[in-house]
file query_10.txt (compact mmCIF, C-alpha atoms and all ligand atoms)
# COMPACT_ATOMS: atom_id res chain seq x y z
CA MET H 1 -42.37 250.31 -21.76
CA GLU H 2 -41.64 247.24 -23.84
CA LEU H 3 -38.07 246.56 -24.87
CA LYS H 4 -36.74 243.79 -27.08
CA ILE H 5 -33.24 242.93 -25.93
CA ALA H 6 -30.77 240.79 -27.86
CA LEU H 7 -28.61 238.79 -25.44
CA LEU H 8 -25.11 237.97 -26.66
CA PRO H 9 -23.40 236.27 -23.70
CA GLY H 10 -20.38 235.18 -25.77
CA ASP H 11 -17.40 233.40 -24.23
CA GLY H 12 -15.72 232.77 -20.90
CA ILE H 13 -17.49 234.45 -18.01
CA GLY H 14 -19.85 236.29 -20.40
CA PRO H 15 -22.84 233.94 -19.91
CA GLU H 16 -22.49 233.99 -16.10
CA VAL H 17 -22.41 237.76 -15.79
CA VAL H 18 -25.12 238.39 -18.39
CA ASP H 19 -27.42 236.06 -16.42
CA GLN H 20 -27.04 238.37 -13.41
CA ALA H 21 -27.76 241.48 -15.52
CA VAL H 22 -30.94 239.82 -16.77
CA LYS H 23 -32.00 239.12 -13.17
CA ALA H 24 -31.53 242.81 -12.36
CA LEU H 25 -33.48 243.88 -15.46
CA ASN H 26 -36.32 241.52 -14.62
CA ALA H 27 -36.46 242.89 -11.09
CA VAL H 28 -36.67 246.42 -12.54
CA GLY H 29 -39.38 245.25 -14.96
CA GLU H 30 -41.42 243.92 -12.07
CA VAL H 31 -41.07 246.97 -9.84
CA PHE H 32 -41.61 249.59 -12.56
CA ASN H 33 -43.99 247.65 -14.74
CA HIS H 34 -41.96 247.26 -17.90
CA LYS H 35 -41.81 244.28 -20.21
CA PHE H 36 -38.36 243.17 -21.27
CA THR H 37 -38.12 240.27 -23.72
CA TYR H 38 -34.89 238.55 -24.66
CA THR H 39 -33.54 236.72 -27.70
CA ASP H 40 -30.29 234.82 -27.30
CA ALA H 41 -27.69 234.80 -30.07
CA LEU H 42 -24.20 233.43 -30.63
CA VAL H 43 -21.03 235.51 -30.87
CA GLY H 44 -17.28 234.99 -30.44
CA ALA H 45 -15.39 231.72 -29.99
CA ILE H 46 -18.55 229.78 -29.22
CA ALA H 47 -20.05 231.01 -32.49
CA ILE H 48 -16.90 229.92 -34.36
CA ASP H 49 -17.15 226.48 -32.75
CA GLU H 50 -20.79 226.10 -33.73
CA THR H 51 -20.96 227.89 -37.08
CA GLY H 52 -17.42 228.72 -38.20
CA ASN H 53 -18.29 232.44 -38.01
CA PRO H 54 -17.68 234.74 -34.98
CA LEU H 55 -20.73 236.83 -35.98
CA PRO H 56 -23.30 234.61 -37.72
CA ASP H 57 -25.82 236.44 -39.96
CA GLU H 58 -28.60 235.31 -37.68
CA THR H 59 -26.94 237.07 -34.72
CA LEU H 60 -26.63 240.31 -36.65
CA ALA H 61 -30.28 240.04 -37.72
CA THR H 62 -31.34 239.49 -34.09
CA CYS H 63 -29.38 242.58 -33.00
CA LEU H 64 -30.79 244.74 -35.80
CA ALA H 65 -34.33 243.67 -34.89
CA ALA H 66 -33.82 244.41 -31.17
CA ASP H 67 -34.14 247.72 -29.34
CA ALA H 68 -30.80 247.10 -27.62
CA VAL H 69 -28.07 244.52 -27.28
CA LEU H 70 -26.71 243.23 -23.97
CA PHE H 71 -23.27 241.79 -24.58
CA GLY H 72 -21.11 239.60 -22.32
CA SER H 73 -17.54 239.07 -23.46
CA ILE H 74 -15.60 237.33 -26.17
CA GLY H 75 -12.22 235.67 -26.50
CA HIS H 76 -10.56 232.33 -25.95
CA PRO H 77 -6.92 231.47 -25.12
CA LYS H 78 -6.67 229.09 -28.04
CA TYR H 79 -6.81 232.12 -30.36
CA ASP H 80 -4.64 234.40 -28.21
CA ASN H 81 -1.79 231.93 -28.49
CA ASP H 82 -2.20 231.42 -32.22
CA PRO H 83 -1.27 234.59 -34.13
CA SER H 84 -1.84 232.81 -37.44
CA ALA H 85 -5.52 232.05 -36.75
CA LYS H 86 -7.52 233.40 -39.70
CA VAL H 87 -10.82 233.57 -37.85
CA ARG H 88 -10.79 235.15 -34.37
CA PRO H 89 -13.54 235.78 -31.79
CA GLU H 90 -12.68 239.51 -31.60
CA GLN H 91 -13.61 239.89 -35.27
CA GLY H 92 -17.19 239.13 -34.21
CA LEU H 93 -17.32 242.08 -31.82
CA LEU H 94 -15.56 244.46 -34.22
CA LYS H 95 -17.89 243.51 -37.08
CA LEU H 96 -20.87 243.91 -34.80
CA ARG H 97 -19.76 247.41 -33.75
CA LYS H 98 -19.23 248.37 -37.38
CA SER H 99 -22.45 246.79 -38.69
CA LEU H 100 -24.57 248.41 -35.99
CA GLY H 101 -22.82 251.76 -36.54
CA LEU H 102 -21.80 252.03 -32.87
CA PHE H 103 -19.35 254.88 -33.29
CA THR H 104 -19.29 256.04 -29.65
CA ASN H 105 -18.23 253.98 -26.67
CA ILE H 106 -19.01 255.58 -23.32
CA ARG H 107 -17.05 254.33 -20.30
CA PRO H 108 -17.76 255.97 -16.93
CA ILE H 109 -14.98 255.75 -14.33
CA LYS H 110 -15.87 256.41 -10.72
CA ALA H 111 -14.32 255.79 -7.35
CA PHE H 112 -17.06 254.10 -5.30
CA PRO H 113 -16.71 255.56 -1.78
CA THR H 114 -16.98 252.12 -0.15
CA LEU H 115 -14.22 250.69 -2.34
CA ILE H 116 -11.62 253.42 -2.18
CA ASP H 117 -9.31 251.34 -0.01
CA LYS H 118 -9.49 248.43 -2.46
CA SER H 119 -7.73 250.42 -5.13
CA PRO H 120 -3.95 250.01 -5.38
CA LEU H 121 -3.87 253.81 -5.66
CA LYS H 122 -3.84 256.01 -2.56
CA ARG H 123 -7.14 257.31 -1.17
CA ASP H 124 -6.17 260.99 -1.47
CA ILE H 125 -5.38 260.51 -5.16
CA ILE H 126 -8.57 258.79 -6.23
CA GLU H 127 -11.16 260.29 -3.88
CA GLY H 128 -13.75 262.25 -5.87
CA THR H 129 -12.83 260.72 -9.23
CA ASP H 130 -15.75 260.80 -11.62
CA PHE H 131 -15.02 261.01 -15.33
CA THR H 132 -16.34 259.48 -18.53
CA ILE H 133 -14.34 258.34 -21.51
CA PHE H 134 -15.84 258.87 -24.96
CA ARG H 135 -13.94 256.41 -27.12
CA GLU H 136 -14.39 256.43 -30.90
CA LEU H 137 -15.33 252.85 -31.76
CA THR H 138 -15.67 252.22 -35.49
CA GLY H 139 -12.63 253.91 -37.02
CA GLY H 140 -8.90 254.39 -36.65
CA ILE H 141 -6.25 251.72 -36.58
CA TYR H 142 -8.74 249.01 -35.59
CA PHE H 143 -10.49 249.25 -38.95
CA GLY H 144 -7.81 250.58 -41.32
CA GLU H 145 -6.24 248.46 -44.04
CA LYS H 146 -4.06 245.66 -42.69
CA ASN H 147 -1.11 244.17 -44.50
CA LEU H 148 1.39 241.39 -44.04
CA ASN H 149 3.98 240.78 -46.74
CA GLU H 150 4.28 237.34 -48.33
CA GLU H 151 7.27 236.35 -46.24
CA GLY H 152 5.34 237.28 -43.10
CA THR H 153 8.15 239.61 -42.04
CA VAL H 154 6.63 243.09 -42.45
CA ALA H 155 3.18 244.19 -41.29
CA SER H 156 1.16 247.40 -41.22
CA ASP H 157 -2.15 248.74 -39.87
CA LEU H 158 -3.49 251.96 -41.28
CA CYS H 159 -4.93 254.59 -38.94
CA GLU H 160 -7.44 256.75 -40.77
CA TYR H 161 -10.08 259.26 -39.63
CA SER H 162 -12.40 261.60 -41.50
CA GLU H 163 -13.80 264.91 -40.27
CA GLU H 164 -17.29 263.40 -40.14
CA GLU H 165 -16.15 260.51 -37.96
CA ILE H 166 -14.58 262.93 -35.50
CA GLU H 167 -17.45 265.42 -35.51
CA ARG H 168 -20.25 262.99 -34.70
CA ILE H 169 -18.60 261.63 -31.54
CA ALA H 170 -17.27 265.06 -30.55
CA HIS H 171 -20.83 266.44 -30.54
CA LEU H 172 -21.90 263.71 -28.12
CA ALA H 173 -18.88 264.32 -25.89
CA PHE H 174 -19.46 268.09 -25.78
CA LYS H 175 -23.13 267.53 -24.92
CA ALA H 176 -22.19 265.11 -22.15
CA ALA H 177 -19.67 267.62 -20.74
CA ARG H 178 -22.35 270.29 -20.85
CA SER H 179 -24.59 268.18 -18.61
CA ARG H 180 -21.70 267.45 -16.21
CA ARG H 181 -18.85 269.66 -14.98
CA LYS H 182 -18.37 271.34 -18.39
CA LYS H 183 -14.84 270.20 -19.10
CA LEU H 184 -13.71 268.24 -22.15
CA THR H 185 -10.20 266.86 -22.62
CA LEU H 186 -9.16 265.62 -26.04
CA VAL H 187 -6.51 262.92 -25.69
CA ASP H 188 -4.32 262.49 -28.77
CA LYS H 189 -0.75 262.34 -30.05
CA ALA H 190 -0.83 265.51 -32.13
CA ASN H 191 2.93 266.01 -31.77
CA VAL H 192 3.45 262.93 -33.96
CA LEU H 193 0.28 261.74 -35.73
CA GLU H 194 -1.50 263.41 -38.65
CA THR H 195 -4.81 261.86 -37.56
CA SER H 196 -4.39 263.46 -34.12
CA ARG H 197 -3.80 266.87 -35.71
CA LEU H 198 -7.07 266.43 -37.61
CA TRP H 199 -8.84 265.53 -34.33
CA ARG H 200 -7.50 268.74 -32.73
CA LYS H 201 -8.59 270.91 -35.64
CA VAL H 202 -12.09 269.46 -35.86
CA VAL H 203 -12.69 269.44 -32.10
CA THR H 204 -11.35 273.00 -31.69
CA ASN H 205 -13.71 274.24 -34.41
CA LEU H 206 -16.66 272.44 -32.90
CA GLY H 207 -15.77 273.84 -29.49
CA LYS H 208 -16.83 277.29 -30.74
CA SER H 209 -20.45 276.08 -30.62
CA TYR H 210 -19.98 274.84 -27.06
CA GLU H 211 -18.44 277.92 -25.45
CA ASP H 212 -19.70 276.95 -22.01
CA VAL H 213 -17.48 273.84 -22.13
CA ALA H 214 -13.79 274.29 -21.28
CA LEU H 215 -11.75 272.38 -23.85
CA ASP H 216 -8.22 271.23 -23.27
CA PHE H 217 -5.78 268.81 -24.88
CA LEU H 218 -3.41 266.15 -23.58
CA PHE H 219 -0.97 263.91 -25.37
CA VAL H 220 -1.85 260.31 -24.69
CA ASP H 221 1.42 259.47 -22.93
CA ASN H 222 0.89 262.37 -20.52
CA ALA H 223 -2.81 261.44 -20.15
CA ALA H 224 -1.81 257.90 -19.14
CA MET H 225 0.29 259.44 -16.38
CA GLN H 226 -2.31 262.03 -15.30
CA ILE H 227 -5.04 259.38 -14.94
CA ILE H 228 -2.96 257.75 -12.23
CA LEU H 229 -1.47 260.92 -10.70
CA ASN H 230 -4.55 263.13 -10.56
CA PRO H 231 -7.68 261.46 -11.93
CA SER H 232 -10.16 263.89 -10.37
CA GLN H 233 -9.01 266.62 -12.80
CA PHE H 234 -11.00 264.90 -15.58
CA ASP H 235 -14.66 265.31 -16.47
CA VAL H 236 -15.15 264.03 -20.05
CA ILE H 237 -12.27 262.55 -22.03
CA LEU H 238 -12.67 262.30 -25.79
CA THR H 239 -10.29 260.10 -27.73
CA GLU H 240 -9.77 257.83 -30.73
CA ASN H 241 -10.32 254.10 -30.79
CA MET H 242 -7.03 252.60 -29.64
CA PHE H 243 -6.06 255.29 -27.11
CA GLY H 244 -9.53 254.87 -25.60
CA ASP H 245 -9.10 251.12 -25.35
CA ILE H 246 -5.85 251.52 -23.44
CA ILE H 247 -6.70 254.37 -21.08
CA SER H 248 -10.05 252.83 -20.11
CA ASP H 249 -8.36 249.67 -18.79
CA GLU H 250 -5.95 251.93 -16.97
CA GLY H 251 -8.83 253.93 -15.51
CA SER H 252 -10.43 250.76 -14.18
CA VAL H 253 -7.67 250.52 -11.56
CA ILE H 254 -9.15 253.59 -9.87
CA GLY H 255 -12.36 251.77 -9.03
CA GLY H 256 -10.50 248.84 -7.52
CA SER H 257 -11.52 246.24 -10.10
CA ILE H 258 -12.09 246.04 -13.83
CA GLY H 259 -15.09 243.94 -12.81
CA LEU H 260 -16.97 247.15 -11.95
CA LEU H 261 -16.77 249.02 -15.22
CA ALA H 262 -19.72 249.20 -17.57
CA SER H 263 -19.97 250.65 -21.03
CA ALA H 264 -22.47 251.76 -23.63
CA SER H 265 -21.76 251.69 -27.35
CA VAL H 266 -24.12 253.88 -29.27
CA GLY H 267 -24.76 254.94 -32.83
CA SER H 268 -27.60 256.77 -34.49
CA GLU H 269 -29.78 253.66 -34.85
CA ASN H 270 -28.52 251.01 -32.42
CA ALA H 271 -27.07 250.59 -28.96
CA LEU H 272 -25.09 247.87 -27.25
CA PHE H 273 -24.19 247.56 -23.59
CA GLU H 274 -21.24 245.58 -22.31
CA PRO H 275 -18.82 245.33 -19.40
CA ILE H 276 -15.35 246.54 -20.33
CA HIS H 277 -13.70 243.40 -18.98
CA GLY H 278 -12.83 240.49 -21.22
CA SER H 279 -13.78 236.82 -21.13
CA TYR H 280 -11.50 236.00 -18.12
CA PRO H 281 -11.06 232.34 -19.18
CA GLN H 282 -9.38 231.28 -15.91
CA ALA H 283 -12.58 232.10 -14.03
CA THR H 284 -15.04 230.52 -16.44
CA GLY H 285 -17.65 228.35 -14.75
CA LYS H 286 -16.18 228.95 -11.27
CA ASP H 287 -18.86 231.37 -10.10
CA ILE H 288 -16.22 233.94 -9.07
CA ALA H 289 -16.51 236.60 -11.80
CA ASN H 290 -17.77 240.00 -10.70
CA PRO H 291 -21.21 240.57 -12.26
CA VAL H 292 -21.34 244.28 -11.32
CA ALA H 293 -19.91 245.58 -14.61
CA SER H 294 -22.55 243.65 -16.51
CA ILE H 295 -25.33 244.73 -14.15
CA LEU H 296 -24.24 248.38 -14.45
CA SER H 297 -24.21 247.96 -18.24
CA ALA H 298 -27.89 246.99 -17.92
CA ALA H 299 -28.38 250.25 -15.96
CA MET H 300 -26.77 252.16 -18.85
CA LEU H 301 -29.23 250.41 -21.18
CA LEU H 302 -32.12 251.72 -19.09
CA GLU H 303 -30.65 255.25 -19.09
CA HIS H 304 -30.40 255.08 -22.86
CA PHE H 305 -34.20 254.77 -22.95
CA ASN H 306 -34.56 257.54 -20.37
CA LEU H 307 -35.56 255.08 -17.67
CA ASN H 308 -33.48 257.04 -15.18
CA GLU H 309 -35.29 256.14 -12.01
CA GLU H 310 -35.05 252.49 -13.01
CA ALA H 311 -31.31 252.81 -13.63
CA ARG H 312 -30.98 254.48 -10.24
CA ALA H 313 -32.65 251.49 -8.59
CA ILE H 314 -29.88 249.30 -10.01
CA HIS H 315 -27.16 251.71 -8.86
CA ILE H 316 -28.59 251.84 -5.35
CA ALA H 317 -28.73 248.03 -5.17
CA VAL H 318 -25.13 247.74 -6.44
CA GLU H 319 -23.92 250.30 -3.94
CA LYS H 320 -25.72 248.42 -1.18
CA SER H 321 -24.02 245.17 -2.16
CA LEU H 322 -20.63 246.91 -1.98
CA GLU H 323 -21.48 248.56 1.31
CA VAL H 324 -22.50 245.32 3.05
CA GLY H 325 -19.54 243.45 1.57
CA LEU H 326 -21.60 241.16 -0.62
CA VAL H 327 -18.87 241.10 -3.24
CA THR H 328 -16.95 238.62 -5.38
CA PRO H 329 -13.34 237.64 -4.54
CA ASP H 330 -11.75 240.27 -6.84
CA LEU H 331 -12.91 242.84 -4.26
CA ASN H 332 -12.31 240.75 -1.14
CA LYS H 333 -10.06 237.70 -1.25
CA GLU H 334 -11.84 236.24 1.77
CA SER H 335 -15.31 236.68 0.32
CA LYS H 336 -17.45 233.58 0.28
CA TYR H 337 -19.88 235.05 -2.22
CA GLY H 338 -19.88 234.18 -5.89
CA THR H 339 -21.27 235.63 -9.11
CA THR H 340 -24.75 234.18 -8.56
CA LYS H 341 -25.06 235.30 -4.92
CA VAL H 342 -24.08 238.84 -5.80
CA GLY H 343 -26.58 238.82 -8.69
CA ASP H 344 -29.33 237.41 -6.46
CA PHE H 345 -28.70 240.02 -3.79
CA ILE H 346 -28.78 242.92 -6.25
CA ALA H 347 -31.99 241.69 -7.94
CA ASP H 348 -33.57 241.04 -4.57
CA TYR H 349 -32.61 244.48 -3.29
CA ILE H 350 -34.20 246.10 -6.35
CA LEU H 351 -37.40 244.23 -5.52
CA ASN H 352 -37.29 244.83 -1.78
CA ALA H 353 -35.22 247.95 -1.12
CA ASP H 354 -37.84 249.36 1.25
CA ASP H 355 -37.80 246.24 3.34
CA ILE H 356 -34.39 247.11 4.74
CA ILE H 357 -35.56 246.65 8.34
CA ASN H 358 -35.64 242.93 7.73
CA TYR H 359 -32.23 242.79 6.23
CA ASN H 360 -29.94 240.42 8.13
CA GLN H 361 -26.75 238.44 7.65
CA GLU H 362 -28.49 235.09 7.42
CA ASN H 363 -30.51 236.22 4.44
CA ILE H 364 -27.51 237.84 2.83
CA ASP H 365 -25.77 234.50 3.03
CA TYR H 366 -28.82 233.09 1.37
CA GLY H 367 -28.44 235.59 -1.46
CA GLN H 368 -31.43 237.64 -0.43
CA SER H 369 -31.38 241.18 0.87
CA THR H 370 -34.41 240.72 3.12
CA ILE H 371 -36.85 238.26 4.58
CA ILE H 372 -39.49 237.69 1.95
C1 LIG X 401 -12.71 246.30 -25.47
C2 LIG X 401 -11.94 245.08 -25.87
C3 LIG X 401 -12.03 244.93 -27.39
C4 LIG X 401 -11.38 246.16 -27.99
C5 LIG X 401 -11.41 243.65 -27.97
C6 LIG X 401 -12.01 242.42 -27.33
C7 LIG X 401 -11.53 243.59 -29.45
O1 LIG X 401 -10.63 245.13 -25.42
O2 LIG X 401 -13.93 246.36 -25.72
O3 LIG X 401 -12.10 247.20 -24.87
O4 LIG X 401 -10.14 246.22 -28.14
O5 LIG X 401 -12.10 247.08 -28.34
MN MN X 402 -10.18 246.86 -24.19

call {"tool": "encode", "arguments": {"input": "query_10.txt", "output": "structure tokens"}}
result
Amino acid sequence: MELKIALLPGDGIGPEVVDQAVKALNAVGEVFNHKFTYTDALVGAIAIDETGNPLPDETLATCLAADAVLFGSIGHPKYDNDPSAKVRPEQGLLKLRKSLGLFTNIRPIKAFPTLIDKSPLKRDIIEGTDFTIFRELTGGIYFGEKNLNEEGTVASDLCEYSEEEIERIAHLAFKAARSRRKKLTLVDKANVLETSRLWRKVVTNLGKSYEDVALDFLFVDNAAMQIILNPSQFDVILTENMFGDIISDEGSVIGGSIGLLASASVGSENALFEPIHGSYPQATGKDIANPVASILSAAMLLEHFNLNEEARAIHIAVEKSLEVGLVTPDLNKESKYGTTKVGDFIADYILNADDIINYNQENIDYGQSTII
């Protein structure tokens, strides 16, 4: 298969982690005989610095012409500390999601067996956790009308959803549940919000066409508690844009590090794959950021094109790196391995997984899984 991939490394640690994902993809290309070609484009703070625009037209054109987008991260402290900034890096990502029609964001949350003791949560709580969040991505309060009065003393953000916006993501979530453990939980705030009551109505109606899927509902405040108290009760969680943003960061604690969580953003025409972590400015250029979330996002890209065996090869290599302790300092404070070493090991393991007999510590230190 030939795939044209737009690379949008963005800000902070984005370029470092995307480099490792590309190494993994190239290894997969070599082993399974696929051709992946890449076009780099600017987004975020770096794009503002160079062009004044967080999403230059050229970047959007590159993404539209590609089969898929691999995204790093965006954001810079100089904007976080300046609420009056008119142009912000995040606008680039939001405009990109909207322009590519990426209405569904899929965020799988899993407790890796080898990392269970790294989580601040107790083993017996998180063991067996395996759920996926379907977060609506192009509507709601993120995209509603925004207002600030002239004095700058009163502000508002409108949260709006239409039936169509709810239906299209709900179909995808029901289908995903059907292929998993057949349970769908709608997370909302229907005791207070009109939009949430519309979500409940639409999803309940749709549920009649998916009778094999058990549908239940949770208010978001309770859901936030349940994710920490009893995460293995969940299979697929469906929710609106902002609730999904919040509970997915919360869910990342289960895996032991936000540096492990990948995501896919899909629409009817386009797809974008990105780690859920941000630009982590304090780590930029230090070779300490965890590349696993970005590498697993590349695996989600492969799955999107039904390259399931290929995606599995990435998962196996990632799991191996965790098992042998070839991890970045977020997972082991004492670790001497950095972003590049972890990326090298994973790519090398994809290329040489069968050569495990030759695998030894000296080569691991060298960033290779085997003697080659
Ligand atoms: C995410 C991020 C973004 C969001 C920001 C960077 C705009 O937090 O992808 O979760 O809020 O959607
Ligand atoms: Mn977020």

call {"tool": "residues_around", "arguments": {"input": "query_10.txt", "residues": "region 228-237 of chain H", "least_positions_apart": "3", "cutoff": "9 Å", "atoms": "all atoms listed in the file", "output": "PyMOL selection string"}}
result
chain H and resi 121+125-135+173-174+176-177+180-187+223-225+244+250-251+253-254

call {"tool": "residues_around", "arguments": {"input": "query_10.txt", "residues": "region 255-270 of chain H", "least_positions_apart": "3", "cutoff": "9 Å", "atoms": "all atoms listed in the file", "output": "ChimeraX atom specification"}}
result
/H:63-64,66-69,97,100-112,115-121,126,129,137,249,251-252,273-277,289-301,304,330-331

call {"tool": "closest_atom_pairs", "arguments": {"input": "query_10.txt", "of": "chain H", "to": "ligand LIG 401 (chain X)", "cutoff": "7 Å", "atoms": "only C-alpha atoms and all ligand atoms", "output": "Markdown table"}}
result
| residue | atom | partner | partner_atom | distance |
| --- | --- | --- | --- | --- |
| H:Ile74 | CA | X:LIG401 | C6 | 6.3 |
| H:Gly75 | CA | X:LIG401 | C6 | 6.8 |
| H:Glu90 | CA | X:LIG401 | C7 | 4.8 |
| H:Leu93 | CA | X:LIG401 | C7 | 6.4 |
| H:Leu94 | CA | X:LIG401 | C7 | 6.3 |
| H:Asp245 | CA | X:LIG401 | O3 | 5.0 |
| H:Ile276 | CA | X:LIG401 | O2 | 5.6 |
| H:Gly278 | CA | X:LIG401 | C6 | 6.5 |

call {"tool": "residues_near_point", "arguments": {"input": "query_10.txt", "point": "(-19.2, 269.9, -33.5)", "cutoff": "8 Å", "atoms": "only C-alpha atoms", "output": "VMD selection string"}}
result
chain H and resid 167 to 168 170 to 171 174 202 to 203 205 to 207 209

call {"tool": "closest_residue", "arguments": {"input": "query_10.txt", "among": "H:Ser248, H:Asn222, H:Thr62, H:Thr37", "to": "ligand MN 402 (chain X)", "atoms": "all atoms listed in the file"}}
result
H:Ser248

call {"tool": "atom_distance", "arguments": {"input": "query_10.txt", "atom1": "CA of Phe71 (chain H)", "atom2": "CA of Glu309 (chain H)"}}
result
22.5 Å

call {"tool": "residues_around", "arguments": {"input": "query_10.txt", "residues": "Pro281 (chain H)", "least_positions_apart": "6", "cutoff": "9 Å", "atoms": "only C-alpha atoms", "output": "mmCIF file with C-alpha atoms, in the frame of the given file"}}
result
data_model
loop_
_atom_site.group_PDB
_atom_site.id
_atom_site.type_symbol
_atom_site.label_atom_id
_atom_site.label_comp_id
_atom_site.auth_asym_id
_atom_site.auth_seq_id
_atom_site.Cartn_x
_atom_site.Cartn_y
_atom_site.Cartn_z
ATOM 1 C CA ASP H 11 -17.400 233.400 -24.230
ATOM 2 C CA GLY H 12 -15.720 232.770 -20.900
ATOM 3 C CA ILE H 13 -17.490 234.450 -18.010
ATOM 4 C CA GLY H 75 -12.220 235.670 -26.500
ATOM 5 C CA HIS H 76 -10.560 232.330 -25.950
ATOM 6 C CA PRO H 77 -6.920 231.470 -25.120
#

call {"tool": "atom_distance", "arguments": {"input": "query_10.txt", "atom1": "CA of Leu8 (chain H)", "atom2": "CA of Asn33 (chain H)"}}
result
24.3 Å

call {"tool": "atom_distance", "arguments": {"input": "query_10.txt", "atom1": "CA of Asn147 (chain H)", "atom2": "CA of Ile169 (chain H)"}}
result
27.9 Å

call {"tool": "residues_near_point", "arguments": {"input": "query_10.txt", "point": "(-23.1, 237.9, -30.9)", "cutoff": "10 Å", "atoms": "only C-alpha atoms", "output": "JSON, numbers by chain"}}
result
{"H": [6, 7, 8, 9, 10, 11, 40, 41, 42, 43, 44, 45, 46, 47, 54, 55, 56, 57, 58, 59, 60, 62, 63, 69, 70, 71, 72, 73, 74, 89, 92, 93, 95, 96]}

call {"tool": "closest_residue", "arguments": {"input": "query_10.txt", "among": "H:Pro83, H:Glu310, H:Gly325, H:Ala353", "to": "Lys341 (chain H)", "atoms": "all atoms listed in the file"}}
result
H:Gly325

call {"tool": "closest_residue", "arguments": {"input": "query_10.txt", "among": "H:Pro329, H:Phe243, H:Gly140, H:Gly52", "to": "Ala283 (chain H)", "atoms": "all atoms listed in the file"}}
result
H:Pro329

call {"tool": "build_atoms", "arguments": {"input": "query_10.txt", "residues": "region 153-157 of chain H", "atoms": "all heavy atoms", "output": "PDB file, keeping the file's coordinate frame"}}
result
ATOM      1  N   THR H 153       7.111 238.929 -42.815  1.00  0.00           N
ATOM      2  CA  THR H 153       8.150 239.610 -42.040  1.00  0.00           C
ATOM      3  C   THR H 153       7.880 241.107 -41.827  1.00  0.00           C
ATOM      4  O   THR H 153       8.530 241.753 -41.013  1.00  0.00           O
ATOM      5  CB  THR H 153       9.523 239.481 -42.726  1.00  0.00           C
ATOM      6  OG1 THR H 153       9.365 239.882 -44.093  1.00  0.00           O
ATOM      7  CG2 THR H 153      10.039 238.050 -42.685  1.00  0.00           C
ATOM      8  N   VAL H 154       6.942 241.666 -42.599  1.00  0.00           N
ATOM      9  CA  VAL H 154       6.630 243.090 -42.450  1.00  0.00           C
ATOM     10  C   VAL H 154       5.112 243.247 -42.417  1.00  0.00           C
ATOM     11  O   VAL H 154       4.404 242.662 -43.235  1.00  0.00           O
ATOM     12  CB  VAL H 154       7.184 243.926 -43.642  1.00  0.00           C
ATOM     13  CG1 VAL H 154       6.858 245.408 -43.453  1.00  0.00           C
ATOM     14  CG2 VAL H 154       8.691 243.737 -43.782  1.00  0.00           C
ATOM     15  N   ALA H 155       4.632 244.028 -41.432  1.00  0.00           N
ATOM     16  CA  ALA H 155       3.180 244.190 -41.290  1.00  0.00           C
ATOM     17  C   ALA H 155       2.834 245.657 -41.105  1.00  0.00           C
ATOM     18  O   ALA H 155       3.670 246.448 -40.654  1.00  0.00           O
ATOM     19  CB  ALA H 155       2.685 243.391 -40.087  1.00  0.00           C
ATOM     20  N   SER H 156       1.602 246.025 -41.465  1.00  0.00           N
ATOM     21  CA  SER H 156       1.160 247.400 -41.220  1.00  0.00           C
ATOM     22  C   SER H 156      -0.332 247.442 -40.946  1.00  0.00           C
ATOM     23  O   SER H 156      -1.099 246.591 -41.389  1.00  0.00           O
ATOM     24  CB  SER H 156       1.487 248.288 -42.422  1.00  0.00           C
ATOM     25  OG  SER H 156       0.713 247.870 -43.529  1.00  0.00           O
ATOM     26  N   ASP H 157      -0.744 248.471 -40.147  1.00  0.00           N
ATOM     27  CA  ASP H 157      -2.150 248.740 -39.870  1.00  0.00           C
ATOM     28  C   ASP H 157      -2.363 250.222 -40.097  1.00  0.00           C
ATOM     29  O   ASP H 157      -1.687 251.036 -39.467  1.00  0.00           O
ATOM     30  CB  ASP H 157      -2.481 248.434 -38.403  1.00  0.00           C
ATOM     31  CG  ASP H 157      -2.269 246.982 -38.043  1.00  0.00           C
ATOM     32  OD1 ASP H 157      -3.191 246.188 -38.212  1.00  0.00           O
ATOM     33  OD2 ASP H 157      -1.138 246.647 -37.582  1.00  0.00           O
TER      34      ASP H 157
END
